[in-house]
Each structure stands twice: as C-alpha cells, then as structure tokens.
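This is structure10.tsv. It holds TSV, N, CA and C atoms.
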```tsv
chain	number	residue	atom	x	y	z
A	1	MET	N	18.58	-13.48	-32.45
A	1	MET	CA	19.12	-12.22	-32.01
A	1	MET	C	18.01	-11.16	-32.01
A	2	ILE	N	18.05	-10.31	-31.02
A	2	ILE	CA	17.03	-9.28	-30.87
A	2	ILE	C	17.27	-8.16	-31.88
A	3	ASN	N	16.22	-7.72	-32.49
A	3	ASN	CA	16.30	-6.60	-33.40
A	3	ASN	C	16.66	-5.35	-32.58
A	4	LEU	N	17.79	-4.70	-32.89
A	4	LEU	CA	18.27	-3.59	-32.09
A	4	LEU	C	17.35	-2.39	-32.14
A	5	SER	N	16.73	-2.13	-33.27
A	5	SER	CA	15.83	-0.98	-33.34
A	5	SER	C	14.61	-1.19	-32.43
A	6	LYS	N	14.11	-2.41	-32.37
A	6	LYS	CA	12.99	-2.72	-31.47
A	6	LYS	C	13.45	-2.61	-30.02
A	7	TYR	N	14.66	-3.03	-29.75
A	7	TYR	CA	15.23	-2.95	-28.40
A	7	TYR	C	15.32	-1.49	-27.96
A	8	TYR	N	15.85	-0.63	-28.81
A	8	TYR	CA	15.98	0.78	-28.46
A	8	TYR	C	14.62	1.47	-28.38
A	9	LYS	N	13.68	1.03	-29.19
A	9	LYS	CA	12.33	1.59	-29.12
A	9	LYS	C	11.69	1.25	-27.78
A	10	ASN	N	11.87	0.01	-27.31
A	10	ASN	CA	11.33	-0.39	-26.00
A	10	ASN	C	11.98	0.41	-24.87
A	11	ILE	N	13.29	0.64	-24.98
A	11	ILE	CA	13.97	1.45	-23.96
A	11	ILE	C	13.43	2.87	-23.97
A	12	ALA	N	13.19	3.43	-25.15
A	12	ALA	CA	12.66	4.78	-25.26
A	12	ALA	C	11.25	4.87	-24.66
A	13	VAL	N	10.44	3.86	-24.89
A	13	VAL	CA	9.08	3.85	-24.34
A	13	VAL	C	9.13	3.81	-22.81
A	14	LEU	N	9.97	2.96	-22.26
A	14	LEU	CA	10.11	2.87	-20.80
A	14	LEU	C	10.65	4.16	-20.21
A	15	THR	N	11.62	4.76	-20.87
A	15	THR	CA	12.19	6.01	-20.39
A	15	THR	C	11.16	7.14	-20.44
A	16	ALA	N	10.41	7.22	-21.52
A	16	ALA	CA	9.39	8.26	-21.65
A	16	ALA	C	8.29	8.07	-20.61
A	17	GLY	N	7.90	6.84	-20.36
A	17	GLY	CA	6.88	6.57	-19.35
A	17	GLY	C	7.35	6.96	-17.96
A	18	THR	N	8.59	6.64	-17.65
A	18	THR	CA	9.14	7.01	-16.35
A	18	THR	C	9.25	8.52	-16.21
A	19	ALA	N	9.71	9.18	-17.25
A	19	ALA	CA	9.82	10.64	-17.22
A	19	ALA	C	8.44	11.28	-17.06
A	20	ALA	N	7.45	10.77	-17.75
A	20	ALA	CA	6.09	11.32	-17.65
A	20	ALA	C	5.53	11.12	-16.23
A	21	SER	N	5.78	9.96	-15.64
A	21	SER	CA	5.27	9.73	-14.29
A	21	SER	C	5.95	10.65	-13.28
A	22	HIS	N	7.24	10.91	-13.46
A	22	HIS	CA	7.94	11.84	-12.56
A	22	HIS	C	7.44	13.27	-12.76
A	23	LEU	N	7.14	13.63	-13.98
A	23	LEU	CA	6.60	14.96	-14.26
A	23	LEU	C	5.23	15.14	-13.62
A	24	ILE	N	4.39	14.12	-13.70
A	24	ILE	CA	3.07	14.18	-13.06
A	24	ILE	C	3.22	14.29	-11.55
A	25	LEU	N	4.13	13.52	-10.98
A	25	LEU	CA	4.37	13.58	-9.53
A	25	LEU	C	4.87	14.95	-9.11
A	26	LEU	N	5.78	15.52	-9.86
A	26	LEU	CA	6.31	16.85	-9.54
A	26	LEU	C	5.22	17.91	-9.64
A	27	THR	N	4.40	17.84	-10.67
A	27	THR	CA	3.30	18.80	-10.83
A	27	THR	C	2.29	18.66	-9.70
A	28	ALA	N	1.97	17.44	-9.33
A	28	ALA	CA	1.02	17.22	-8.23
A	28	ALA	C	1.60	17.73	-6.92
A	29	ALA	N	2.90	17.55	-6.71
A	29	ALA	CA	3.53	18.00	-5.47
A	29	ALA	C	3.43	19.52	-5.32
A	30	VAL	N	3.55	20.25	-6.42
A	30	VAL	CA	3.43	21.71	-6.38
A	30	VAL	C	2.04	22.11	-5.89
A	31	PHE	N	1.03	21.47	-6.42
A	31	PHE	CA	-0.35	21.81	-6.01
A	31	PHE	C	-0.64	21.33	-4.59
A	32	LEU	N	-0.16	20.15	-4.24
A	32	LEU	CA	-0.45	19.61	-2.91
A	32	LEU	C	0.23	20.40	-1.81
A	33	THR	N	1.42	20.94	-2.07
A	33	THR	CA	2.09	21.74	-1.04
A	33	THR	C	1.36	23.05	-0.78
A	34	ARG	N	0.60	23.51	-1.73
A	34	ARG	CA	-0.20	24.72	-1.52
A	34	ARG	C	-1.51	24.41	-0.79
A	35	LEU	N	-2.00	23.20	-0.91
A	35	LEU	CA	-3.26	22.84	-0.27
A	35	LEU	C	-3.09	22.36	1.17
A	36	TYR	N	-1.98	21.68	1.46
A	36	TYR	CA	-1.80	21.05	2.76
A	36	TYR	C	-0.59	21.61	3.48
A	37	THR	N	-0.67	21.56	4.81
A	37	THR	CA	0.43	22.05	5.64
A	37	THR	C	1.49	20.96	5.82
A	38	PRO	N	2.68	21.33	6.30
A	38	PRO	CA	3.69	20.30	6.57
A	38	PRO	C	3.23	19.27	7.61
A	39	GLU	N	2.38	19.69	8.54
A	39	GLU	CA	1.86	18.73	9.52
A	39	GLU	C	1.01	17.67	8.84
A	40	ASN	N	0.20	18.09	7.86
A	40	ASN	CA	-0.62	17.14	7.12
A	40	ASN	C	0.24	16.14	6.35
A	41	PHE	N	1.31	16.63	5.73
A	41	PHE	CA	2.21	15.73	5.02
A	41	PHE	C	2.89	14.77	5.98
A	42	GLY	N	3.24	15.25	7.18
A	42	GLY	CA	3.85	14.38	8.19
A	42	GLY	C	2.90	13.29	8.64
A	43	GLU	N	1.63	13.67	8.90
A	43	GLU	CA	0.63	12.68	9.29
A	43	GLU	C	0.43	11.65	8.18
A	44	TYR	N	0.39	12.13	6.96
A	44	TYR	CA	0.20	11.23	5.81
A	44	TYR	C	1.36	10.25	5.69
A	45	SER	N	2.59	10.74	5.83
A	45	SER	CA	3.74	9.84	5.68
A	45	SER	C	3.81	8.83	6.81
A	46	ILE	N	3.46	9.23	8.02
A	46	ILE	CA	3.43	8.28	9.13
A	46	ILE	C	2.35	7.22	8.89
A	47	ALA	N	1.17	7.66	8.46
A	47	ALA	CA	0.07	6.72	8.22
A	47	ALA	C	0.41	5.74	7.10
A	48	ILE	N	1.02	6.21	6.02
A	48	ILE	CA	1.39	5.34	4.91
A	48	ILE	C	2.48	4.35	5.34
A	49	THR	N	3.42	4.81	6.15
A	49	THR	CA	4.46	3.91	6.65
A	49	THR	C	3.86	2.81	7.52
A	50	ILE	N	2.95	3.18	8.41
A	50	ILE	CA	2.28	2.19	9.27
A	50	ILE	C	1.48	1.22	8.40
A	51	CYS	N	0.76	1.73	7.43
A	51	CYS	CA	-0.04	0.87	6.55
A	51	CYS	C	0.84	-0.09	5.75
A	52	SER	N	1.97	0.39	5.27
A	52	SER	CA	2.86	-0.47	4.50
A	52	SER	C	3.42	-1.60	5.35
A	53	LEU	N	3.80	-1.29	6.58
A	53	LEU	CA	4.32	-2.33	7.47
A	53	LEU	C	3.24	-3.33	7.85
A	54	LEU	N	2.05	-2.83	8.15
A	54	LEU	CA	0.96	-3.73	8.51
A	54	LEU	C	0.49	-4.56	7.33
A	55	MET	N	0.60	-4.04	6.12
A	55	MET	CA	0.22	-4.79	4.93
A	55	MET	C	1.13	-6.00	4.74
A	56	ILE	N	2.41	-5.83	5.01
A	56	ILE	CA	3.35	-6.95	4.89
A	56	ILE	C	2.96	-8.05	5.88
A	57	VAL	N	2.62	-7.65	7.09
A	57	VAL	CA	2.22	-8.64	8.10
A	57	VAL	C	0.88	-9.26	7.76
A	58	SER	N	-0.05	-8.46	7.22
A	58	SER	CA	-1.40	-8.98	6.98
A	58	SER	C	-1.44	-9.97	5.81
A	59	THR	N	-0.52	-9.89	4.88
A	59	THR	CA	-0.51	-10.86	3.78
A	59	THR	C	0.42	-12.03	4.07
A	60	LEU	N	1.25	-11.90	5.08
A	60	LEU	CA	2.24	-12.92	5.43
A	60	LEU	C	3.15	-13.25	4.24
A	61	ARG	N	3.23	-12.32	3.31
A	61	ARG	CA	4.05	-12.42	2.09
A	61	ARG	C	3.66	-13.60	1.20
A	62	TYR	N	2.43	-14.05	1.32
A	62	TYR	CA	1.95	-15.13	0.46
A	62	TYR	C	1.79	-14.68	-0.99
A	63	GLU	N	1.76	-13.37	-1.23
A	63	GLU	CA	1.60	-12.92	-2.61
A	63	GLU	C	2.77	-13.34	-3.50
A	64	HIS	N	3.91	-13.61	-2.88
A	64	HIS	CA	5.05	-14.11	-3.66
A	64	HIS	C	4.83	-15.56	-4.09
A	65	GLY	N	4.03	-16.28	-3.36
A	65	GLY	CA	3.70	-17.66	-3.72
A	65	GLY	C	2.79	-17.76	-4.93
A	66	ILE	N	2.04	-16.70	-5.21
A	66	ILE	CA	1.16	-16.71	-6.38
A	66	ILE	C	1.97	-16.84	-7.66
A	67	VAL	N	3.10	-16.18	-7.69
A	67	VAL	CA	3.93	-16.17	-8.90
A	67	VAL	C	4.52	-17.55	-9.17
A	68	ILE	N	4.88	-18.28	-8.12
A	68	ILE	CA	5.54	-19.57	-8.30
A	68	ILE	C	4.58	-20.75	-8.17
A	69	ALA	N	3.29	-20.47	-8.15
A	69	ALA	CA	2.30	-21.56	-8.06
A	69	ALA	C	2.39	-22.45	-9.29
A	70	LYS	N	2.18	-23.75	-9.07
A	70	LYS	CA	2.31	-24.72	-10.15
A	70	LYS	C	1.19	-24.64	-11.18
A	71	ASP	N	-0.02	-24.29	-10.71
A	71	ASP	CA	-1.14	-24.17	-11.64
A	71	ASP	C	-2.08	-23.07	-11.15
A	72	ASP	N	-3.09	-22.79	-11.95
A	72	ASP	CA	-4.03	-21.72	-11.63
A	72	ASP	C	-4.84	-22.02	-10.37
A	73	SER	N	-5.14	-23.28	-10.14
A	73	SER	CA	-5.91	-23.65	-8.97
A	73	SER	C	-5.14	-23.31	-7.68
A	74	GLU	N	-3.88	-23.62	-7.67
A	74	GLU	CA	-3.05	-23.30	-6.50
A	74	GLU	C	-2.94	-21.78	-6.32
A	75	ALA	N	-2.81	-21.05	-7.41
A	75	ALA	CA	-2.74	-19.59	-7.33
A	75	ALA	C	-4.05	-19.01	-6.80
A	76	ASN	N	-5.17	-19.56	-7.27
A	76	ASN	CA	-6.47	-19.09	-6.78
A	76	ASN	C	-6.64	-19.36	-5.29
A	77	HIS	N	-6.18	-20.51	-4.83
A	77	HIS	CA	-6.25	-20.83	-3.41
A	77	HIS	C	-5.39	-19.88	-2.60
A	78	LEU	N	-4.23	-19.52	-3.12
A	78	LEU	CA	-3.37	-18.56	-2.42
A	78	LEU	C	-4.02	-17.18	-2.35
A	79	VAL	N	-4.69	-16.77	-3.42
A	79	VAL	CA	-5.38	-15.48	-3.40
A	79	VAL	C	-6.48	-15.48	-2.35
A	80	LEU	N	-7.26	-16.56	-2.30
A	80	LEU	CA	-8.31	-16.66	-1.28
A	80	LEU	C	-7.73	-16.69	0.13
A	81	LEU	N	-6.60	-17.37	0.30
A	81	LEU	CA	-5.94	-17.41	1.60
A	81	LEU	C	-5.49	-16.02	2.02
A	82	ILE	N	-4.92	-15.27	1.09
A	82	ILE	CA	-4.47	-13.91	1.40
A	82	ILE	C	-5.66	-13.03	1.77
A	83	ILE	N	-6.75	-13.16	1.05
A	83	ILE	CA	-7.93	-12.34	1.35
A	83	ILE	C	-8.50	-12.70	2.72
A	84	MET	N	-8.56	-13.99	3.04
A	84	MET	CA	-9.07	-14.39	4.36
A	84	MET	C	-8.17	-13.90	5.48
A	85	ILE	N	-6.86	-14.05	5.31
A	85	ILE	CA	-5.92	-13.57	6.33
A	85	ILE	C	-6.02	-12.06	6.47
A	86	SER	N	-6.17	-11.36	5.35
A	86	SER	CA	-6.28	-9.90	5.38
A	86	SER	C	-7.54	-9.44	6.10
A	87	VAL	N	-8.64	-10.14	5.90
A	87	VAL	CA	-9.89	-9.78	6.58
A	87	VAL	C	-9.77	-10.02	8.09
A	88	VAL	N	-9.17	-11.12	8.47
A	88	VAL	CA	-8.96	-11.39	9.91
A	88	VAL	C	-8.04	-10.33	10.51
A	89	PHE	N	-6.98	-10.01	9.80
A	89	PHE	CA	-6.06	-8.99	10.28
A	89	PHE	C	-6.72	-7.62	10.33
A	90	PHE	N	-7.61	-7.34	9.37
A	90	PHE	CA	-8.38	-6.09	9.38
A	90	PHE	C	-9.21	-5.98	10.65
A	91	MET	N	-9.90	-7.07	10.99
A	91	MET	CA	-10.73	-7.04	12.20
A	91	MET	C	-9.87	-6.84	13.45
A	92	LEU	N	-8.70	-7.45	13.46
A	92	LEU	CA	-7.79	-7.29	14.59
A	92	LEU	C	-7.29	-5.84	14.69
A	93	ILE	N	-6.90	-5.25	13.58
A	93	ILE	CA	-6.43	-3.85	13.60
A	93	ILE	C	-7.57	-2.91	13.95
A	94	PHE	N	-8.73	-3.16	13.38
A	94	PHE	CA	-9.89	-2.29	13.63
A	94	PHE	C	-10.27	-2.30	15.11
A	95	THR	N	-10.30	-3.48	15.69
A	95	THR	CA	-10.61	-3.59	17.12
A	95	THR	C	-9.54	-2.94	17.96
A	96	SER	N	-8.28	-3.17	17.61
A	96	SER	CA	-7.17	-2.58	18.36
A	96	SER	C	-7.18	-1.06	18.26
A	97	ALA	N	-7.54	-0.54	17.12
A	97	ALA	CA	-7.58	0.91	16.94
A	97	ALA	C	-8.59	1.55	17.87
A	98	PHE	N	-9.73	0.90	18.08
A	98	PHE	CA	-10.73	1.47	18.99
A	98	PHE	C	-10.36	1.27	20.46
A	99	ILE	N	-9.71	0.17	20.77
A	99	ILE	CA	-9.33	-0.08	22.16
A	99	ILE	C	-8.20	0.84	22.60
A	100	PHE	N	-7.20	1.01	21.73
A	100	PHE	CA	-6.00	1.76	22.09
A	100	PHE	C	-5.94	3.13	21.41
A	101	ILE	N	-7.09	3.74	21.17
A	101	ILE	CA	-7.12	4.99	20.41
A	101	ILE	C	-6.36	6.11	21.11
A	102	ASP	N	-6.47	6.23	22.41
A	102	ASP	CA	-5.78	7.31	23.12
A	102	ASP	C	-4.27	7.14	23.06
A	103	GLN	N	-3.80	5.91	23.24
A	103	GLN	CA	-2.36	5.65	23.18
A	103	GLN	C	-1.82	5.90	21.77
A	104	LEU	N	-2.59	5.54	20.75
A	104	LEU	CA	-2.16	5.76	19.38
A	104	LEU	C	-2.08	7.25	19.04
A	105	HIS	N	-3.03	8.02	19.56
A	105	HIS	CA	-2.99	9.47	19.32
A	105	HIS	C	-1.76	10.08	19.96
A	106	GLU	N	-1.45	9.67	21.19
A	106	GLU	CA	-0.28	10.22	21.88
A	106	GLU	C	1.03	9.79	21.23
A	107	PHE	N	1.13	8.52	20.84
A	107	PHE	CA	2.40	8.00	20.34
A	107	PHE	C	2.69	8.45	18.91
A	108	PHE	N	1.71	8.38	18.03
A	108	PHE	CA	1.96	8.68	16.62
A	108	PHE	C	1.57	10.11	16.24
A	109	SER	N	0.71	10.75	16.98
A	109	SER	CA	0.27	12.12	16.69
A	109	SER	C	-0.28	12.25	15.27
A	110	ILE	N	-1.11	11.30	14.87
A	110	ILE	CA	-1.66	11.36	13.51
A	110	ILE	C	-3.16	11.66	13.51
A	111	GLY	N	-3.68	12.08	14.61
A	111	GLY	CA	-5.08	12.50	14.64
A	111	GLY	C	-6.03	11.35	14.36
A	112	TYR	N	-7.10	11.68	13.66
A	112	TYR	CA	-8.14	10.69	13.40
A	112	TYR	C	-7.85	9.83	12.17
A	113	THR	N	-6.66	9.94	11.63
A	113	THR	CA	-6.25	9.08	10.53
A	113	THR	C	-6.16	7.63	10.98
A	114	VAL	N	-6.03	7.43	12.29
A	114	VAL	CA	-5.95	6.08	12.85
A	114	VAL	C	-7.16	5.25	12.45
A	115	TYR	N	-8.30	5.87	12.32
A	115	TYR	CA	-9.51	5.13	11.96
A	115	TYR	C	-9.48	4.60	10.52
A	116	PHE	N	-8.70	5.25	9.66
A	116	PHE	CA	-8.63	4.83	8.27
A	116	PHE	C	-7.58	3.75	8.02
A	117	ILE	N	-6.64	3.59	8.93
A	117	ILE	CA	-5.53	2.65	8.73
A	117	ILE	C	-6.02	1.22	8.49
A	118	PRO	N	-6.96	0.68	9.26
A	118	PRO	CA	-7.40	-0.70	8.97
A	118	PRO	C	-7.98	-0.87	7.57
A	119	PHE	N	-8.74	0.11	7.11
A	119	PHE	CA	-9.33	0.03	5.77
A	119	PHE	C	-8.26	0.11	4.69
A	120	ILE	N	-7.29	1.00	4.88
A	120	ILE	CA	-6.21	1.13	3.90
A	120	ILE	C	-5.39	-0.15	3.83
A	121	VAL	N	-5.10	-0.74	5.00
A	121	VAL	CA	-4.34	-1.99	5.03
A	121	VAL	C	-5.11	-3.10	4.32
A	122	LEU	N	-6.40	-3.19	4.54
A	122	LEU	CA	-7.20	-4.20	3.85
A	122	LEU	C	-7.19	-4.00	2.34
A	123	ILE	N	-7.37	-2.77	1.91
A	123	ILE	CA	-7.38	-2.50	0.46
A	123	ILE	C	-6.01	-2.80	-0.15
A	124	MET	N	-4.94	-2.40	0.54
A	124	MET	CA	-3.60	-2.67	0.02
A	124	MET	C	-3.32	-4.15	-0.04
A	125	SER	N	-3.72	-4.89	0.98
A	125	SER	CA	-3.47	-6.33	1.03
A	125	SER	C	-4.20	-7.07	-0.08
A	126	VAL	N	-5.46	-6.72	-0.28
A	126	VAL	CA	-6.23	-7.40	-1.31
A	126	VAL	C	-5.73	-7.01	-2.71
A	127	SER	N	-5.38	-5.75	-2.88
A	127	SER	CA	-4.90	-5.34	-4.21
A	127	SER	C	-3.55	-5.97	-4.56
A	128	VAL	N	-2.73	-6.25	-3.58
A	128	VAL	CA	-1.45	-6.93	-3.84
A	128	VAL	C	-1.69	-8.36	-4.30
A	129	SER	N	-2.71	-8.99	-3.78
A	129	SER	CA	-2.95	-10.40	-4.12
A	129	SER	C	-3.66	-10.58	-5.46
A	130	ILE	N	-4.34	-9.57	-5.91
A	130	ILE	CA	-5.11	-9.72	-7.15
A	130	ILE	C	-4.28	-9.48	-8.37
```
If you took the structure in this file and wrote it as structure tokens, what would it be?
Amino acid sequence: MINLSKYYKNIAVLTAGTAASHLILLTAAVFLTRLYTPENFGEYSIAITICSLLMIVSTLRYEHGIVIAKDDSEANHLVLLIIMISVVFFMLIFTSAFIFIDQLHEFFSIGYTVYFIPFIVLIMSVSVSI
C-alpha cells in the first residue's frame, strides 16, 4: 500500500510545479505583449502551427516506436531513422520554401518567418526523438 503522506506530497509537488509554470507564462505574456504587436503574435502562432504540423509529418510518428522498442538497439535504430527522415524532410521543406516563397507570403502572410520554418521543424523533430 502506498504511503498516503508521500502520495499527497507528490501531488503537492506536481501542483506547485504546474502553478509556477503558469505564473512564469503569465508574467512573460505581460512583457511580451508590450514588446510585440498583435500582428507579430499572429505571425508567430501561424508559424508555430505550421511547424507543429510539419513536425508530425517529418517524424512519421516513429517517436512512439521508441517507447515500445524491445531493446536499446532497436530504440537507437529508430532514433537514427527519425533523424534521417527529418533531415530529408528538412531539405524538402527548405527547397520548397525558396521555390514557392511568393505564394507562401501571399497565402500565410507571415513575412520572412518562412525561412525559419524548415530549421524549426528539424530542431523539433530531432528533439522529439532524443
């Protein structure tokens, strides 16, 4: 049987950590709204949404296979596979961004943030696999 005092202590630690992270986020939001315009926040949210969707495609969701791998060797092979797929997908996005730059500016209206999207997707994909 679980010691109840230890159980409640763990709940308190998790609750305090969550509250602290929300407090940091709220404090940062106050300062960021003074530094950036609503247009900047809109561009940022569009770019992060695009990066999140492309990250899912670039990893092909193989990161879930790392958890259920039978041994460390299989997990290491999956990590290398994810990194290789992410690099290939990075090159594809990077090339596409330069070829279709005018269409991307018109459709998404995110300015020159388009150039950073391939790098962000690569970093997100690799960090998910590690």
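Taking atom CA of Asp71 of chain A as the reference point, atom CA of Met124 of chain A is found at 24.6 Å.
Counting only C-alpha atoms and comparing A:Ser96, A:Ser129, A:Asn40, A:Thr49, the residue that lies closest to Leu78 of chain A is A:Ser129.
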- Query: In Å, how far is it from atom CA of His77 of chain A to atom CA of Ser58 of chain A?
  - Reply: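 Separation of atom CA of His77 of chain A and atom CA of Ser58 of chain A: 16.5 Å.
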- Item | Coordinates-based distance that separates atom N of Glu74 of chain A from atom CA of Val128 of chain A (Å, one decimal) | 17.3 Å
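In terms of minimum interatomic distance to Phe90 of chain A, A:Val121 ranks closest within A:Val121, A:Ile46, A:Leu104, A:Leu23, counting all atoms listed in the file.
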- Message: I'd like to know which of A:His105, A:Val126, A:Ile50, A:Phe119 is closest to Met84 of chain A, using only C-alpha atoms.
- Response: A:Val126
- Rank nothing, just name the residue among A:Leu60, A:Ala97, A:Val87, A:Ala20 nearest to Tyr115 of chain A, using all atoms listed in the file.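 The answer is A:Ala97, which sits nearest to Tyr115 of chain A.
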- Query: So which residues touch Ala47 of chain A within 8 Å, counting all atoms listed in the file, skipping near sequence neighbours fewer than 3 positions away, as a ChimeraX atom specification?
  - Reply: /A:41-44,50-53,110,113-114,117
- Message: Using only C-alpha atoms for the distances, tell me which of A:Met55, A:Val79, A:Ile48, A:Leu25 is nearest to Val67 of chain A.
- Response: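 Checking each candidate against Val67 of chain A, we get A:Val79 as the closest.
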- Task: Using all atoms listed in the file, pick whichever of A:Ser86, A:Ala16, A:Leu32, A:Lys70 has the shortest atom-to-atom distance to Ile123 of chain A.
- Result: A:Ser86
Got a minute to add all heavy atoms to segment 62-71 of chain A and dump it as a tab-separated table (two decimals), in the coordinates of the input?
```
chain	number	residue	atom	x	y	z
A	62	TYR	N	2.43	-14.05	1.32
A	62	TYR	CA	1.95	-15.13	0.46
A	62	TYR	C	1.79	-14.68	-0.99
A	62	TYR	O	1.65	-15.52	-1.87
A	62	TYR	CB	0.61	-15.68	0.96
A	62	TYR	CG	0.75	-16.71	2.06
A	62	TYR	CD1	0.19	-16.50	3.30
A	62	TYR	CD2	1.43	-17.89	1.83
A	62	TYR	CE1	0.32	-17.44	4.31
A	62	TYR	CE2	1.56	-18.83	2.84
A	62	TYR	CZ	1.00	-18.60	4.07
A	62	TYR	OH	1.13	-19.54	5.05
A	63	GLU	N	1.76	-13.37	-1.23
A	63	GLU	CA	1.60	-12.92	-2.61
A	63	GLU	C	2.77	-13.34	-3.50
A	63	GLU	O	2.64	-13.46	-4.71
A	63	GLU	CB	1.40	-11.40	-2.68
A	63	GLU	CG	2.63	-10.58	-2.35
A	63	GLU	CD	2.75	-10.24	-0.89
A	63	GLU	OE1	2.01	-10.81	-0.07
A	63	GLU	OE2	3.60	-9.40	-0.55
A	64	HIS	N	3.91	-13.61	-2.88
A	64	HIS	CA	5.05	-14.11	-3.66
A	64	HIS	C	4.83	-15.56	-4.09
A	64	HIS	O	5.40	-16.00	-5.09
A	64	HIS	CB	6.35	-13.99	-2.87
A	64	HIS	CG	6.74	-12.57	-2.60
A	64	HIS	ND1	7.10	-11.70	-3.60
A	64	HIS	CD2	6.81	-11.86	-1.45
A	64	HIS	CE1	7.39	-10.53	-3.08
A	64	HIS	NE2	7.21	-10.60	-1.77
A	65	GLY	N	4.03	-16.28	-3.36
A	65	GLY	CA	3.70	-17.66	-3.72
A	65	GLY	C	2.79	-17.76	-4.93
A	65	GLY	O	2.77	-18.79	-5.62
A	66	ILE	N	2.04	-16.70	-5.21
A	66	ILE	CA	1.16	-16.71	-6.38
A	66	ILE	C	1.97	-16.84	-7.66
A	66	ILE	O	1.59	-17.54	-8.59
A	66	ILE	CB	0.28	-15.44	-6.40
A	66	ILE	CG1	-0.65	-15.43	-5.19
A	66	ILE	CG2	-0.53	-15.35	-7.68
A	66	ILE	CD1	-1.39	-14.13	-5.00
A	67	VAL	N	3.10	-16.18	-7.69
A	67	VAL	CA	3.93	-16.17	-8.90
A	67	VAL	C	4.52	-17.55	-9.17
A	67	VAL	O	4.62	-17.98	-10.32
A	67	VAL	CB	5.07	-15.13	-8.75
A	67	VAL	CG1	5.98	-15.14	-9.96
A	67	VAL	CG2	4.49	-13.75	-8.53
A	68	ILE	N	4.88	-18.28	-8.12
A	68	ILE	CA	5.54	-19.57	-8.30
A	68	ILE	C	4.58	-20.75	-8.17
A	68	ILE	O	5.02	-21.90	-8.11
A	68	ILE	CB	6.72	-19.73	-7.32
A	68	ILE	CG1	6.25	-19.65	-5.88
A	68	ILE	CG2	7.79	-18.72	-7.61
A	68	ILE	CD1	7.34	-19.97	-4.86
A	69	ALA	N	3.29	-20.47	-8.15
A	69	ALA	CA	2.30	-21.56	-8.06
A	69	ALA	C	2.39	-22.45	-9.29
A	69	ALA	O	2.64	-21.99	-10.39
A	69	ALA	CB	0.90	-20.98	-7.92
A	70	LYS	N	2.18	-23.75	-9.07
A	70	LYS	CA	2.31	-24.72	-10.15
A	70	LYS	C	1.19	-24.64	-11.18
A	70	LYS	O	1.40	-24.88	-12.35
A	70	LYS	CB	2.39	-26.12	-9.57
A	70	LYS	CG	3.66	-26.35	-8.78
A	70	LYS	CD	3.72	-27.75	-8.23
A	70	LYS	CE	5.04	-27.92	-7.50
A	70	LYS	NZ	4.91	-28.32	-6.15
A	71	ASP	N	-0.02	-24.29	-10.71
A	71	ASP	CA	-1.14	-24.17	-11.64
A	71	ASP	C	-2.08	-23.07	-11.15
A	71	ASP	O	-1.89	-22.50	-10.08
A	71	ASP	CB	-1.86	-25.50	-11.80
A	71	ASP	CG	-2.36	-26.07	-10.48
A	71	ASP	OD1	-2.11	-25.47	-9.43
A	71	ASP	OD2	-3.02	-27.12	-10.52
```
